[in-house]
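Undergrad: Please see the structure below; I have some questions.
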Amino acid sequence: MVKENAILKGDCGLMVLTLNSADCMPTCCGKEMEELIPHVVDTGNEKHKPVITKVDGGILVTCGEVAHPMEEAHHIEWISAHDGEIDMWRAVYPGKKPEAFFPMEKTDITAYAYCNLHSLWGSK
Ligand SMILES: [Fe+2]
């Protein structure tokens, strides 16, 4: 069983967002995909939890209270924001800041960030 808005990952690294729930689990490379459950509590020195700041025209989502590394071997791959009606994603790249702007006006927003080494992190 897969739920709506689940982020699934296959062994090969393919990630899929489900747009609805269903009584099955999608497969990739011949195996059922794994639902990524976001971490919400930072531990250790590296910080991942998305921080949402209201800015002019929308929100800015940054990764970690201390900026997450953005090196080729360890970086944030994407950041997303969800306000209950709109889902937005932005890819981020090594060498750039681990942040993304989203033109969203609502205040009840959930953000996610995906680290290539430490998986999925949620703002709540
Ligand atoms: Fe990380």
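Letters for chains follow the order of the structure tokens (A, B, ...), residue numbers begin at 1 for each chain, and ligand numbers begin at 1 in the order shown.
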12 Å from ligand 1 is the threshold here; counting only C-alpha atoms and all ligand atoms, which polymer residues fall inside it? Answer as a ChimeraX atom specification.
TA: /A:39,42-50,63-64,66-78,98,113-121
Undergrad: Write a file of the just-selected residues containing C-alpha atoms, as a PDB file, in the first residue's frame.
TA:
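The new file out_10.pdb reads:
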```pdb
ATOM      1  CA  HIS A  39      14.042  12.624   9.558  1.00  0.00           C
ATOM      2  CA  ASP A  42      19.068  16.890  13.583  1.00  0.00           C
ATOM      3  CA  THR A  43      21.778  15.078  15.520  1.00  0.00           C
ATOM      4  CA  GLY A  44      25.542  15.384  15.299  1.00  0.00           C
ATOM      5  CA  ASN A  45      27.498  18.171  13.650  1.00  0.00           C
ATOM      6  CA  GLU A  46      25.855  18.132  10.242  1.00  0.00           C
ATOM      7  CA  LYS A  47      22.535  19.866   9.976  1.00  0.00           C
ATOM      8  CA  HIS A  48      19.873  18.915   7.471  1.00  0.00           C
ATOM      9  CA  LYS A  49      16.471  19.919   8.802  1.00  0.00           C
ATOM     10  CA  PRO A  50      14.899  22.444   6.408  1.00  0.00           C
ATOM     11  CA  CYS A  63      19.095  23.261   4.877  1.00  0.00           C
ATOM     12  CA  GLY A  64      20.207  23.223   8.455  1.00  0.00           C
ATOM     13  CA  VAL A  66      24.357  25.679   9.906  1.00  0.00           C
ATOM     14  CA  ALA A  67      24.575  25.413   6.116  1.00  0.00           C
ATOM     15  CA  HIS A  68      24.840  21.832   4.918  1.00  0.00           C
ATOM     16  CA  PRO A  69      27.973  20.921   2.871  1.00  0.00           C
ATOM     17  CA  MET A  70      27.552  21.276  -0.895  1.00  0.00           C
ATOM     18  CA  GLU A  71      30.528  19.231  -2.068  1.00  0.00           C
ATOM     19  CA  GLU A  72      30.419  16.726  -4.913  1.00  0.00           C
ATOM     20  CA  ALA A  73      30.693  13.792  -2.482  1.00  0.00           C
ATOM     21  CA  HIS A  74      28.153  15.159   0.010  1.00  0.00           C
ATOM     22  CA  HIS A  75      25.417  17.587  -0.889  1.00  0.00           C
ATOM     23  CA  ILE A  76      21.725  18.373  -0.919  1.00  0.00           C
ATOM     24  CA  GLU A  77      20.199  17.161  -4.211  1.00  0.00           C
ATOM     25  CA  TRP A  78      16.801  18.834  -4.014  1.00  0.00           C
ATOM     26  CA  PRO A  98      21.758  24.602   0.054  1.00  0.00           C
ATOM     27  CA  ALA A 113      15.468  18.306   1.626  1.00  0.00           C
ATOM     28  CA  TYR A 114      17.247  15.265   0.244  1.00  0.00           C
ATOM     29  CA  CYS A 115      20.933  14.685   1.104  1.00  0.00           C
ATOM     30  CA  ASN A 116      22.823  12.256  -1.125  1.00  0.00           C
ATOM     31  CA  LEU A 117      24.374  10.621   1.975  1.00  0.00           C
ATOM     32  CA  HIS A 118      21.806  11.154   4.727  1.00  0.00           C
ATOM     33  CA  SER A 119      18.501  10.747   2.895  1.00  0.00           C
ATOM     34  CA  LEU A 120      15.291  12.723   3.417  1.00  0.00           C
ATOM     35  CA  TRP A 121      14.713  15.474   5.983  1.00  0.00           C
TER      36      TRP A 121
END
```
Undergrad: Would you list the contacts of Glu35 (chain A) as an MDAnalysis selection string, taking every protein, DNA or RNA residue within 12 Å and counting only C-alpha atoms, but skipping same-chain residues closer than 2 positions in sequence?
TA: chainID A and resid 1:11 14:18 25:27 32:33 37:38 119:120
Undergrad: Using only C-alpha atoms, which of A:Val51, A:Val40, A:Met88, A:Leu19 sits nearest Lys124 (chain A)?
TA: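 Of A:Val51, A:Val40, A:Met88, A:Leu19, the one nearest Lys124 (chain A), counting only C-alpha atoms, is A:Val40.
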Undergrad: Which distance in Å separates CA of Gly95 (chain A) and CA of Glu65 (chain A), to one decimal?
TA: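 Value for the CA of Gly95 (chain A)-CA of Glu65 (chain A) distance: 18.3 Å.
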Undergrad: Report, in Å to a single decimal, how far apart CA of Thr110 (chain A) and CA of Ala91 (chain A) are.
TA: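 One can read the CA of Ala91 (chain A) to CA of Thr110 (chain A) distance as 16.9 Å.
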Undergrad: Which one is closest to Asp108 (chain A): A:Ala22, A:His82, A:Val92, A:Gly58? Count only C-alpha atoms.
TA: A:His82
Undergrad: Can you work out the spacing between CA of Lys97 (chain A) and CA of Ala111 (chain A) in Å, to one decimal?
TA: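 One can read the CA of Lys97 (chain A) to CA of Ala111 (chain A) distance as 16.3 Å.
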Undergrad: Residues within 12 Å of Thr53 (chain A), please, as a PyMOL selection string. Count only C-alpha atoms; anything in the same chain fewer than 6 positions from it doesn't count.
TA: chain A and resi 59-63+65+81+99-111+123
Undergrad: Save out the residues we just selected, N, CA and C atoms, as a PDB file, in the first residue's frame.
TA:
```
ATOM      1  N   ILE A  59       8.809  32.136   0.227  1.00  0.00           N
ATOM      2  CA  ILE A  59       9.595  31.575   1.329  1.00  0.00           C
ATOM      3  C   ILE A  59      10.970  31.168   0.810  1.00  0.00           C
ATOM      4  N   LEU A  60      11.924  31.196   1.729  1.00  0.00           N
ATOM      5  CA  LEU A  60      13.260  30.690   1.443  1.00  0.00           C
ATOM      6  C   LEU A  60      13.469  29.477   2.344  1.00  0.00           C
ATOM      7  N   VAL A  61      13.806  28.345   1.759  1.00  0.00           N
ATOM      8  CA  VAL A  61      14.082  27.140   2.534  1.00  0.00           C
ATOM      9  C   VAL A  61      15.592  26.914   2.508  1.00  0.00           C
ATOM     10  N   THR A  62      16.184  26.870   3.689  1.00  0.00           N
ATOM     11  CA  THR A  62      17.609  26.582   3.812  1.00  0.00           C
ATOM     12  C   THR A  62      17.761  25.246   4.519  1.00  0.00           C
ATOM     13  N   CYS A  63      18.873  24.586   4.294  1.00  0.00           N
ATOM     14  CA  CYS A  63      19.095  23.261   4.877  1.00  0.00           C
ATOM     15  C   CYS A  63      20.029  23.338   6.053  1.00  0.00           C
ATOM     16  N   GLU A  65      20.440  24.667  10.353  1.00  0.00           N
ATOM     17  CA  GLU A  65      20.726  25.944  11.009  1.00  0.00           C
ATOM     18  C   GLU A  65      22.135  26.397  10.652  1.00  0.00           C
ATOM     19  N   ALA A  81       8.832  22.184  -1.274  1.00  0.00           N
ATOM     20  CA  ALA A  81       7.923  22.871  -0.354  1.00  0.00           C
ATOM     21  C   ALA A  81       6.497  22.498  -0.735  1.00  0.00           C
ATOM     22  N   GLU A  99      19.909  26.034  -0.519  1.00  0.00           N
ATOM     23  CA  GLU A  99      18.687  26.791  -0.268  1.00  0.00           C
ATOM     24  C   GLU A  99      17.885  26.915  -1.549  1.00  0.00           C
ATOM     25  N   ALA A 100      16.588  27.201  -1.371  1.00  0.00           N
ATOM     26  CA  ALA A 100      15.713  27.369  -2.533  1.00  0.00           C
ATOM     27  C   ALA A 100      14.594  28.334  -2.175  1.00  0.00           C
ATOM     28  N   PHE A 101      14.264  29.190  -3.128  1.00  0.00           N
ATOM     29  CA  PHE A 101      13.151  30.130  -2.986  1.00  0.00           C
ATOM     30  C   PHE A 101      11.919  29.524  -3.649  1.00  0.00           C
ATOM     31  N   PHE A 102      10.779  29.685  -2.976  1.00  0.00           N
ATOM     32  CA  PHE A 102       9.510  29.217  -3.545  1.00  0.00           C
ATOM     33  C   PHE A 102       8.488  30.346  -3.435  1.00  0.00           C
ATOM     34  N   PRO A 103       7.795  30.671  -4.521  1.00  0.00           N
ATOM     35  CA  PRO A 103       6.795  31.747  -4.473  1.00  0.00           C
ATOM     36  C   PRO A 103       5.484  31.243  -3.872  1.00  0.00           C
ATOM     37  N   MET A 104       5.485  31.007  -2.571  1.00  0.00           N
ATOM     38  CA  MET A 104       4.309  30.494  -1.867  1.00  0.00           C
ATOM     39  C   MET A 104       3.884  31.514  -0.831  1.00  0.00           C
ATOM     40  N   GLU A 105       2.578  31.733  -0.737  1.00  0.00           N
ATOM     41  CA  GLU A 105       2.069  32.758   0.167  1.00  0.00           C
ATOM     42  C   GLU A 105       1.523  32.190   1.468  1.00  0.00           C
ATOM     43  N   LYS A 106       1.148  30.906   1.489  1.00  0.00           N
ATOM     44  CA  LYS A 106       0.590  30.336   2.707  1.00  0.00           C
ATOM     45  C   LYS A 106       1.660  30.267   3.797  1.00  0.00           C
ATOM     46  N   THR A 107       1.209  30.147   5.037  1.00  0.00           N
ATOM     47  CA  THR A 107       2.166  30.094   6.141  1.00  0.00           C
ATOM     48  C   THR A 107       2.366  28.670   6.665  1.00  0.00           C
ATOM     49  N   ASP A 108       1.385  27.776   6.425  1.00  0.00           N
ATOM     50  CA  ASP A 108       1.518  26.390   6.893  1.00  0.00           C
ATOM     51  C   ASP A 108       2.167  25.569   5.775  1.00  0.00           C
ATOM     52  N   ILE A 109       3.467  25.566   5.773  1.00  0.00           N
ATOM     53  CA  ILE A 109       4.229  24.923   4.702  1.00  0.00           C
ATOM     54  C   ILE A 109       5.125  23.858   5.304  1.00  0.00           C
ATOM     55  N   THR A 110       5.220  22.733   4.630  1.00  0.00           N
ATOM     56  CA  THR A 110       6.172  21.697   4.989  1.00  0.00           C
ATOM     57  C   THR A 110       7.247  21.667   3.916  1.00  0.00           C
ATOM     58  N   ALA A 111       8.489  21.609   4.345  1.00  0.00           N
ATOM     59  CA  ALA A 111       9.605  21.563   3.392  1.00  0.00           C
ATOM     60  C   ALA A 111      10.385  20.272   3.603  1.00  0.00           C
ATOM     61  N   SER A 123      10.803  19.479   7.524  1.00  0.00           N
ATOM     62  CA  SER A 123      10.723  20.590   8.472  1.00  0.00           C
ATOM     63  C   SER A 123       9.821  20.251   9.656  1.00  0.00           C
TER      64      SER A 123
END
```
Undergrad: As a PyMOL selection string, please: every residue in region 16-93 of chain A that DSSP puts in strand (DSSP E).
TA: chain A and resi 16-17+27-28+31-32+34-35+50-55+58-63+76-82+87-91
Undergrad: Those residues you just picked out, can you put them in a file as a PDB file, in the first residue's frame with C-alpha atoms?
TA:
```pdb
ATOM      1  CA  VAL A  16       9.217   8.792  -7.393  1.00  0.00           C
ATOM      2  CA  LEU A  17       6.519  11.008  -5.876  1.00  0.00           C
ATOM      3  CA  THR A  27       8.660  -1.624  -8.167  1.00  0.00           C
ATOM      4  CA  CYS A  28      11.981  -0.546  -9.630  1.00  0.00           C
ATOM      5  CA  LYS A  31      12.103  -4.890  -6.330  1.00  0.00           C
ATOM      6  CA  GLU A  32       9.513  -2.969  -4.340  1.00  0.00           C
ATOM      7  CA  GLU A  34      11.217   1.955  -0.358  1.00  0.00           C
ATOM      8  CA  GLU A  35       9.155   4.811   1.059  1.00  0.00           C
ATOM      9  CA  PRO A  50      14.899  22.444   6.408  1.00  0.00           C
ATOM     10  CA  VAL A  51      14.361  25.891   7.887  1.00  0.00           C
ATOM     11  CA  ILE A  52      11.574  28.002   6.355  1.00  0.00           C
ATOM     12  CA  THR A  53      11.894  31.778   6.364  1.00  0.00           C
ATOM     13  CA  LYS A  54       9.215  34.127   5.035  1.00  0.00           C
ATOM     14  CA  VAL A  55      10.741  36.511   2.506  1.00  0.00           C
ATOM     15  CA  GLY A  58       7.401  33.747  -0.857  1.00  0.00           C
ATOM     16  CA  ILE A  59       9.595  31.575   1.329  1.00  0.00           C
ATOM     17  CA  LEU A  60      13.260  30.690   1.443  1.00  0.00           C
ATOM     18  CA  VAL A  61      14.082  27.140   2.534  1.00  0.00           C
ATOM     19  CA  THR A  62      17.609  26.582   3.812  1.00  0.00           C
ATOM     20  CA  CYS A  63      19.095  23.261   4.877  1.00  0.00           C
ATOM     21  CA  ILE A  76      21.725  18.373  -0.919  1.00  0.00           C
ATOM     22  CA  GLU A  77      20.199  17.161  -4.211  1.00  0.00           C
ATOM     23  CA  TRP A  78      16.801  18.834  -4.014  1.00  0.00           C
ATOM     24  CA  ILE A  79      14.530  20.895  -1.801  1.00  0.00           C
ATOM     25  CA  SER A  80      10.741  20.882  -1.910  1.00  0.00           C
ATOM     26  CA  ALA A  81       7.923  22.871  -0.354  1.00  0.00           C
ATOM     27  CA  HIS A  82       4.280  21.828   0.089  1.00  0.00           C
ATOM     28  CA  ASP A  87       3.985  21.126  -4.367  1.00  0.00           C
ATOM     29  CA  MET A  88       7.208  22.686  -5.651  1.00  0.00           C
ATOM     30  CA  TRP A  89      10.674  21.237  -6.142  1.00  0.00           C
ATOM     31  CA  ARG A  90      14.013  22.761  -6.923  1.00  0.00           C
ATOM     32  CA  ALA A  91      17.202  20.895  -7.729  1.00  0.00           C
TER      33      ALA A  91
END
```
